[in-house]
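With compact mmCIF, C-alpha atoms and all ligand atoms inside, this is upload_4.txt:
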# COMPACT_ATOMS: atom_id res chain seq x y z
CA MET A 1 7.77 -14.23 -21.56
CA LYS A 2 10.81 -16.21 -20.45
CA LEU A 3 13.14 -14.86 -17.77
CA GLU A 4 16.02 -14.74 -20.22
CA GLU A 5 13.98 -12.45 -22.47
CA MET A 6 13.29 -9.85 -19.80
CA ASP A 7 14.48 -6.37 -20.66
CA ILE A 8 14.91 -4.22 -17.55
CA ASP A 9 14.39 -0.85 -19.26
CA LYS A 10 11.35 -2.10 -21.15
CA ALA A 11 9.78 -3.62 -18.03
CA ILE A 12 10.36 -0.48 -15.92
CA GLY A 13 9.07 1.82 -18.67
CA ASN A 14 9.08 5.62 -18.24
CA PHE A 15 11.00 5.59 -14.96
CA SER A 16 13.99 3.80 -16.42
CA GLU A 17 16.16 6.94 -16.64
CA VAL A 18 15.70 8.09 -13.04
CA LEU A 19 16.17 4.75 -11.28
CA SER A 20 19.46 3.21 -10.22
CA ASP A 21 20.41 -0.22 -11.53
CA LYS A 22 19.65 -1.67 -8.09
CA GLN A 23 16.16 -0.14 -8.09
CA LYS A 24 15.54 -1.39 -11.61
CA LYS A 25 16.58 -4.90 -10.66
CA HIS A 26 14.35 -4.79 -7.58
CA GLY A 27 11.39 -3.77 -9.74
CA LEU A 28 12.18 -6.47 -12.23
CA LEU A 29 12.39 -9.05 -9.45
CA ILE A 30 8.85 -8.26 -8.32
CA HIS A 31 7.68 -8.41 -11.92
CA ALA A 32 9.41 -11.78 -12.33
CA PHE A 33 7.98 -13.15 -9.06
CA HIS A 34 4.45 -12.40 -10.24
CA HIS A 35 5.19 -14.00 -13.58
CA ILE A 36 6.67 -17.15 -12.01
CA GLN A 37 3.93 -17.47 -9.41
CA LYS A 38 1.25 -17.09 -12.06
CA GLU A 39 2.77 -19.99 -13.95
CA HIS A 40 3.54 -22.32 -11.02
CA ASN A 41 1.20 -21.04 -8.29
CA TYR A 42 4.30 -20.55 -6.11
CA LEU A 43 8.00 -19.67 -6.48
CA PRO A 44 9.92 -22.91 -7.09
CA GLU A 45 13.53 -22.97 -5.86
CA GLU A 46 14.94 -23.70 -9.31
CA GLU A 47 13.16 -20.64 -10.76
CA ILE A 48 14.53 -18.45 -7.97
CA LYS A 49 18.05 -19.69 -8.69
CA LYS A 50 17.57 -19.07 -12.41
CA LEU A 51 16.33 -15.55 -11.68
CA SER A 52 19.33 -14.85 -9.45
CA LYS A 53 21.69 -15.93 -12.23
CA THR A 54 19.82 -14.13 -15.02
CA LEU A 55 19.71 -10.79 -13.18
CA ASN A 56 23.07 -11.22 -11.50
CA VAL A 57 21.50 -10.62 -8.08
CA SER A 58 22.66 -12.75 -5.14
CA LEU A 59 20.39 -15.59 -4.12
CA SER A 60 20.02 -14.09 -0.63
CA ASP A 61 18.89 -10.76 -2.13
CA VAL A 62 16.35 -12.52 -4.34
CA TYR A 63 14.96 -14.46 -1.36
CA GLY A 64 15.16 -11.36 0.84
CA THR A 65 13.00 -9.44 -1.62
CA ALA A 66 10.52 -12.27 -2.16
CA THR A 67 10.02 -12.98 1.54
CA PHE A 68 9.32 -9.31 2.22
CA TYR A 69 6.00 -9.61 0.38
CA LYS A 70 3.31 -11.81 1.86
CA GLN A 71 1.77 -12.61 -1.51
CA PHE A 72 4.67 -14.76 -2.67
CA HIS A 73 4.71 -18.41 -1.70
CA PHE A 74 7.53 -20.92 -1.52
CA LYS A 75 5.64 -24.18 -1.26
CA PRO A 76 3.37 -25.68 -3.94
CA ARG A 77 -0.21 -24.49 -3.54
CA GLY A 78 -3.49 -26.09 -4.53
CA LYS A 79 -5.44 -25.61 -7.74
CA ASN A 80 -7.96 -23.65 -5.64
CA ILE A 81 -7.16 -21.21 -2.86
CA VAL A 82 -9.77 -20.52 -0.20
CA SER A 83 -9.04 -17.59 2.10
CA VAL A 84 -11.33 -17.14 5.06
CA CYS A 85 -11.37 -13.55 6.29
CA THR A 86 -10.61 -13.42 10.01
CA GLY A 87 -10.74 -9.63 10.35
CA THR A 88 -12.83 -8.20 13.19
CA ALA A 89 -16.13 -7.88 11.34
CA CYS A 90 -15.88 -11.40 9.95
CA HIS A 91 -14.63 -12.77 13.26
CA VAL A 92 -17.70 -11.56 15.15
CA ARG A 93 -19.94 -12.95 12.42
CA GLY A 94 -18.61 -16.49 12.58
CA ALA A 95 -15.37 -16.64 10.56
CA GLY A 96 -14.02 -19.18 13.06
CA GLU A 97 -16.84 -21.63 12.36
CA ILE A 98 -16.40 -21.20 8.61
CA LEU A 99 -12.68 -21.89 8.90
CA ASP A 100 -13.41 -24.97 11.02
CA SER A 101 -15.93 -26.19 8.44
CA PHE A 102 -13.28 -26.06 5.67
CA LYS A 103 -10.73 -27.73 7.93
CA ASN A 104 -13.11 -30.58 8.72
CA GLU A 105 -14.49 -30.94 5.21
CA PHE A 106 -11.07 -31.20 3.54
CA ALA A 107 -9.09 -32.60 6.50
CA ILE A 108 -6.41 -29.88 6.42
CA SER A 109 -5.31 -27.11 8.73
CA GLU A 110 -4.89 -23.44 7.94
CA GLY A 111 -1.93 -22.94 5.60
CA GLU A 112 -2.07 -26.53 4.34
CA THR A 113 -2.86 -28.06 0.96
CA THR A 114 -4.85 -31.21 0.35
CA GLU A 115 -2.88 -34.23 -0.85
CA ASP A 116 -4.60 -34.15 -4.25
CA MET A 117 -3.59 -30.45 -4.57
CA SER A 118 -7.21 -29.40 -5.07
CA LEU A 119 -7.25 -26.87 -2.21
CA THR A 120 -5.00 -24.65 -0.13
CA LEU A 121 -6.72 -23.16 2.91
CA GLU A 122 -5.59 -19.74 4.10
CA THR A 123 -6.80 -16.84 6.19
CA VAL A 124 -6.63 -13.14 5.44
CA GLY A 125 -6.87 -10.06 7.67
CA CYS A 126 -9.61 -8.12 5.85
CA VAL A 127 -10.61 -8.12 2.22
CA GLY A 128 -12.31 -4.74 2.39
CA CYS A 129 -15.96 -5.75 2.24
CA CYS A 130 -16.78 -5.95 5.93
CA GLY A 131 -20.44 -5.13 5.22
CA LEU A 132 -20.72 -8.59 3.65
CA ALA A 133 -19.19 -10.39 6.65
CA PRO A 134 -18.48 -13.20 7.01
CA VAL A 135 -16.41 -13.26 3.83
CA ALA A 136 -14.26 -15.87 2.13
CA THR A 137 -12.54 -15.84 -1.23
CA LEU A 138 -12.33 -18.71 -3.67
CA ASN A 139 -9.41 -17.84 -5.94
CA GLU A 140 -10.31 -14.39 -7.34
CA GLU A 141 -13.98 -14.62 -6.36
CA VAL A 142 -15.21 -12.86 -3.20
CA VAL A 143 -18.08 -14.65 -1.47
CA GLY A 144 -19.96 -12.57 1.08
CA GLU A 145 -22.39 -13.59 3.83
CA VAL A 146 -21.01 -17.10 3.86
CA ASP A 147 -23.53 -19.47 5.40
CA GLU A 148 -24.04 -23.24 5.27
CA LYS A 149 -25.43 -23.04 1.72
CA LYS A 150 -22.54 -20.94 0.36
CA PHE A 151 -20.01 -23.11 2.18
CA THR A 152 -21.47 -26.15 0.40
CA GLU A 153 -21.38 -24.34 -2.96
CA ILE A 154 -17.71 -23.44 -2.51
CA SER A 155 -16.88 -26.99 -1.40
CA ASP A 156 -18.71 -28.45 -4.41
CA LYS A 157 -16.83 -26.17 -6.82
CA ILE A 158 -13.53 -27.36 -5.37
CA ARG A 159 -14.54 -31.02 -5.58
CA ASN A 160 -15.89 -30.67 -9.12
CA ALA A 161 -12.64 -29.07 -10.28
CA ARG A 162 -10.58 -32.12 -9.17
S1 LIG B 1 -13.16 -8.04 8.31
FE1 LIG B 1 -13.70 -9.46 6.78
S2 LIG B 1 -13.96 -8.20 5.03
FE2 LIG B 1 -13.28 -6.83 6.55
Have the structure of the file written as structure tokens, please.
Amino acid sequence: MKLEEMDIDKAIGNFSEVLSDKQKKHGLLIHAFHHIQKEHNYLPEEEIKKLSKTLNVSLSDVYGTATFYKQFHFKPRGKNIVSVCTGTACHVRGAGEILDSFKNEFAISEGETTEDMSLTLETVGCVGCCGLAPVATLNEEVVGEVDEKKFTEISDKIRNAR
């Protein structure tokens, strides 16, 4: 669906009658951010400007809303996203070494993307499966009990997807 085709009442659904216009627009912004990020893997500036114009919401309000949520990104991200969990359980079970292994293997730091755009390396607080610590995610896939073998498997998947 294109931004121009978005219908606020349709997107908000059953709550449309009880929400103010401002609340509706806020909801639609979040909906649009997800849509844009799914398509581009981040929120490009030109799409943000287009959204601001389409919804008649100031650019600062659009950015203010987007930056409130950690899941929206403003720089291009890699084709693959690896998030190493650095929560307490994973930390005590070697998350630091796993993070270092990815940094060394792909020559990037946390928060960076490889030049060929094959990988963005991130960390996350806890992904909710502490019993499987140490944990990392590769895109939507959760990988538990990450050891040398699983690290190599993840790295190979990233390289093979180049
Ligand atoms: S601390 Fe890593 S999954 Fe909870």
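Between atom CA of A:Asp100 and atom CA of A:Thr67 lies a distance of 28.0 Å.
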Quiz item: If we count all atoms listed in the file, what is near stretch 35-49 of chain A at a cut-off of 8 Å, once residues fewer than 3 positions away on the same chain are taken out, given as number ranges by chain?
Solution: A: 31-32, 52-53, 59, 62-63, 72-78
Quiz item: Quick one: residues within 6 Å of A:Leu138, all atoms listed in the file counted, chain neighbours fewer than 3 positions away excluded, as a PyMOL selection string?
Solution: chain A and resi 81-82+141
Quiz prompt | All residues having an atom within 10 Å of ligand LIG 1 (chain B) (all atoms listed in the file) as a PyMOL selection string | solution = chain A and resi 84-93+95+124-137+142+144
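Atom CA of A:Glu148 sits 16.3 Å away from atom CA of A:Ser83.
The space separating atom CA of A:Arg159 from atom CA of A:Ser118 comes to 7.5 Å.
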Working from the structure I just supplied, which lacks atoms in stretch 130-156 of chain A, can you model N, CA and C atoms there and output them as an mmCIF file, in the frame of the given file?
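Output (selection-v4.cif):
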data_model
loop_
_atom_site.group_PDB
_atom_site.id
_atom_site.type_symbol
_atom_site.label_atom_id
_atom_site.label_comp_id
_atom_site.auth_asym_id
_atom_site.auth_seq_id
_atom_site.Cartn_x
_atom_site.Cartn_y
_atom_site.Cartn_z
ATOM 1 N N CYS A 130 -16.309 -5.546 4.604
ATOM 2 C CA CYS A 130 -16.780 -5.950 5.930
ATOM 3 C C CYS A 130 -18.309 -5.971 6.032
ATOM 4 N N GLY A 131 -18.974 -5.155 5.216
ATOM 5 C CA GLY A 131 -20.440 -5.130 5.220
ATOM 6 C C GLY A 131 -21.038 -6.451 4.802
ATOM 7 N N LEU A 132 -20.229 -7.291 4.125
ATOM 8 C CA LEU A 132 -20.720 -8.590 3.650
ATOM 9 C C LEU A 132 -20.274 -9.728 4.567
ATOM 10 N N ALA A 133 -19.728 -9.367 5.729
ATOM 11 C CA ALA A 133 -19.190 -10.390 6.650
ATOM 12 C C ALA A 133 -20.251 -11.436 7.005
ATOM 13 N N PRO A 134 -19.841 -12.688 7.155
ATOM 14 C CA PRO A 134 -18.480 -13.200 7.010
ATOM 15 C C PRO A 134 -18.121 -13.464 5.550
ATOM 16 N N VAL A 135 -16.863 -13.203 5.222
ATOM 17 C CA VAL A 135 -16.410 -13.260 3.830
ATOM 18 C C VAL A 135 -15.324 -14.316 3.667
ATOM 19 N N ALA A 136 -15.356 -14.967 2.507
ATOM 20 C CA ALA A 136 -14.260 -15.870 2.130
ATOM 21 C C ALA A 136 -13.992 -15.627 0.647
ATOM 22 N N THR A 137 -12.799 -15.930 0.204
ATOM 23 C CA THR A 137 -12.540 -15.840 -1.230
ATOM 24 C C THR A 137 -12.203 -17.227 -1.753
ATOM 25 N N LEU A 138 -12.696 -17.486 -2.953
ATOM 26 C CA LEU A 138 -12.330 -18.710 -3.670
ATOM 27 C C LEU A 138 -11.569 -18.228 -4.892
ATOM 28 N N ASN A 139 -10.281 -18.388 -4.887
ATOM 29 C CA ASN A 139 -9.410 -17.840 -5.940
ATOM 30 C C ASN A 139 -9.658 -16.338 -6.042
ATOM 31 N N GLU A 140 -10.104 -15.835 -7.194
ATOM 32 C CA GLU A 140 -10.310 -14.390 -7.340
ATOM 33 C C GLU A 140 -11.715 -13.952 -6.896
ATOM 34 N N GLU A 141 -12.578 -14.917 -6.641
ATOM 35 C CA GLU A 141 -13.980 -14.620 -6.360
ATOM 36 C C GLU A 141 -14.204 -14.321 -4.866
ATOM 37 N N VAL A 142 -14.883 -13.202 -4.582
ATOM 38 C CA VAL A 142 -15.210 -12.860 -3.200
ATOM 39 C C VAL A 142 -16.616 -13.361 -2.902
ATOM 40 N N VAL A 143 -16.757 -14.134 -1.845
ATOM 41 C CA VAL A 143 -18.080 -14.650 -1.470
ATOM 42 C C VAL A 143 -18.453 -14.025 -0.134
ATOM 43 N N GLY A 144 -19.524 -13.256 -0.139
ATOM 44 C CA GLY A 144 -19.960 -12.570 1.080
ATOM 45 C C GLY A 144 -21.080 -13.340 1.762
ATOM 46 N N GLU A 145 -21.323 -12.984 3.014
ATOM 47 C CA GLU A 145 -22.390 -13.590 3.830
ATOM 48 C C GLU A 145 -22.361 -15.107 3.729
ATOM 49 N N VAL A 146 -21.172 -15.643 3.978
ATOM 50 C CA VAL A 146 -21.010 -17.100 3.860
ATOM 51 C C VAL A 146 -21.845 -17.798 4.942
ATOM 52 N N ASP A 147 -22.717 -18.650 4.484
ATOM 53 C CA ASP A 147 -23.530 -19.470 5.400
ATOM 54 C C ASP A 147 -23.344 -20.927 4.980
ATOM 55 N N GLU A 148 -24.144 -21.803 5.556
ATOM 56 C CA GLU A 148 -24.040 -23.240 5.270
ATOM 57 C C GLU A 148 -24.193 -23.517 3.768
ATOM 58 N N LYS A 149 -25.157 -22.824 3.151
ATOM 59 C CA LYS A 149 -25.430 -23.040 1.720
ATOM 60 C C LYS A 149 -24.228 -22.611 0.864
ATOM 61 N N LYS A 150 -23.686 -21.440 1.147
ATOM 62 C CA LYS A 150 -22.540 -20.940 0.360
ATOM 63 C C LYS A 150 -21.285 -21.766 0.632
ATOM 64 N N PHE A 151 -21.138 -22.231 1.867
ATOM 65 C CA PHE A 151 -20.010 -23.110 2.180
ATOM 66 C C PHE A 151 -20.089 -24.374 1.309
ATOM 67 N N THR A 152 -21.288 -24.926 1.205
ATOM 68 C CA THR A 152 -21.470 -26.150 0.400
ATOM 69 C C THR A 152 -21.192 -25.855 -1.075
ATOM 70 N N GLU A 153 -21.634 -24.699 -1.556
ATOM 71 C CA GLU A 153 -21.380 -24.340 -2.960
ATOM 72 C C GLU A 153 -19.875 -24.239 -3.240
ATOM 73 N N ILE A 154 -19.166 -23.578 -2.335
ATOM 74 C CA ILE A 154 -17.710 -23.440 -2.510
ATOM 75 C C ILE A 154 -17.059 -24.828 -2.493
ATOM 76 N N SER A 155 -17.457 -25.646 -1.529
ATOM 77 C CA SER A 155 -16.880 -26.990 -1.400
ATOM 78 C C SER A 155 -17.152 -27.818 -2.659
ATOM 79 N N ASP A 156 -18.362 -27.698 -3.192
ATOM 80 C CA ASP A 156 -18.710 -28.450 -4.410
ATOM 81 C C ASP A 156 -17.865 -27.995 -5.596
#
